[in-house]
Amino acid sequence: MSEVRDSDQYESLIGEAGDRAIHRPTKGLVIETQRLILRAPKAEDAMAIVLLADNAAVARNLVGMPHPYRIEHAFEWIDEDPGEGGQKHLICLKGANGTATPIGAVTLDFRRGARIPTLGCWFGEVHWGRGFATEACHAVIDYAFLHQGHDKLSFTCRVTNQPGRRVIEKCGFQLAAQELGNARYQGAVVPVDRFQIERRTWESLRAWEPLRLHRRTEDEIGGLTTRGLAVAE
Ligand SMILES: CC(C)(COP(=O)(O)OP(=O)(O)OC[C@H]1O[C@@H](n2cnc3c(N)ncnc32)[C@H](O)[C@@H]1OP(=O)(O)O)[C@@H](O)C(=O)NCCC(=O)NCCS
């Protein structure tokens with residue numbers, strides 16, 4: 001197993017390719033973003049998880065989320081192994097004096113027989129609408145492509161879940177299929193959209209060059225164009 005290096009946190013910022021080792025350890029992995037810390041959940045987090053997750057507004061948008069969400073569900077999730085090539089993070093919001101308060105969760109795994117590693121995320125309702133889901137998913141996707149060797153990732157979303165769909169789109173996923181999912185909350189089969197992102201698309205988005213603008217006079221612009229045409233001829 002290769003070790004997580006100190007410099008790893010910077011790799012995704014500058015978009016380098018990493019070592020793509022599928023066996024990169026996830027145990028003890030901590031991912032830091034501008035506002036968030038993504039880390040493994042611990043038994044001490046169980047009550048905080050329940051307080052965030054025990055909400056119909058969260059459960060009705062997730063096919064596998066139990067409702068009501070009890071402490072035993074939290075322990076079950078904490079103990080669950082995300083499997084090889086998977087990720088499982090409690091998302092914590094950085095605060096003053098080095099505090100980090102749990103606000104949600106994000107996973108990448110092969111749940112429900114998925115052939116492609118599939119993301120899932122949820123946040124406590126009070127934390128919605130501040131860009132946290134997009135920020136956390138960007139980090140998980142970067143890690144998956146940079147360090148876990150994945151070539152394609154998937155994300156499913158109930159067709160009625162507009163905020164979920166926006167997060168997925170803002171991560172660069174594209175609609176791949178329309179399917180049916182067994183929704184635990186509804187106790188019924190519901191339509192879901194399946195989105196995918198391929199490594200090449202992610203690489204292209206990460207390499208998107210910053211726009212550079214310069215002020216030029218009309219004469220200078222004319223000169224640039226003429227020179228450009230002259231070379232082309
Ligand atoms: C979906 C969820 C994860 C989004 O978390 P979040 O931190 O609020 O997400 P972000 O702030 O990064 O992005 C939300 C986007 O949805 C948009 N949005 C919010 N409500 C919307 C609505 N009713 N219709 C359309 N777009 C909506 C926001 O404007 C934002 O998009 P923008 O940046 O283009 O303006 C959160 O609402 C949640 O936990 N829901 C319950 C579980 C769930 O649905 N999980 C995702 C399954 S796919």
# chains A, B, ... in the order shown; residues from 1 in each chain; ligands from 1
$ residues_near_ligand --ligand "ligand 1" --cutoff "8 Å" --atoms "only C-alpha atoms and all ligand atoms" --output "count of residues only"
35
$ select_by_dssp --residues "range 80-226 of chain A" --states "strand (DSSP E or B)" --output "NGL selection string"
:A and (87-94 or 100-109 or 118-123 or 152-158 or 174-183 or 188-198)
$ select_by_dssp --residues "range 4-223 of chain A" --states "helix (DSSP H, G or I)" --output "ChimeraX atom specification"
/A:8-14,43-53,56-59,71-79,96-98,111-113,125-127,132-147,162-170,199-206,218-223
$ closest_atom_pairs --of "range 64-156 of chain A" --to "range 174-190 of chain A" --cutoff "9 Å" --atoms "only C-alpha atoms" --output "Markdown table"
| residue | atom | partner | partner_atom | distance |
| --- | --- | --- | --- | --- |
| A:Gly64 | CA | A:Arg184 | CA | 5.5 |
| A:Met65 | CA | A:Arg184 | CA | 6.6 |
| A:Pro66 | CA | A:Arg184 | CA | 6.5 |
| A:His67 | CA | A:Tyr185 | CA | 6.2 |
| A:Pro68 | CA | A:Tyr185 | CA | 9.0 |
| A:Ser154 | CA | A:Ala176 | CA | 9.0 |
$ residues_around --residues "range 82-93 of chain A" --least-positions-apart "4" --cutoff "10 Å" --atoms "only C-alpha atoms" --output "VMD selection string"
chain A and resid 21 to 27 29 to 42 45 49 77 to 78 99 to 111 117 to 123 127 132 to 133 136 140 143 to 144 147 to 150
$ closest_residue --among "A:Asp142, A:Thr160, A:Glu72, A:Leu153" --to "Pro191 in chain A" --atoms "only C-alpha atoms"
A:Thr160
$ atom_distance --atom1 "CA of Arg200 in chain A" --atom2 "CA of Ile141 in chain A"
12.8 Å
$ atom_distance --atom1 "CA of Ile116 in chain A" --atom2 "CA of Ala43 in chain A"
29.1 Å
$ atom_distance --atom1 "CA of Val50 in chain A" --atom2 "CA of Val63 in chain A"
17.4 Å
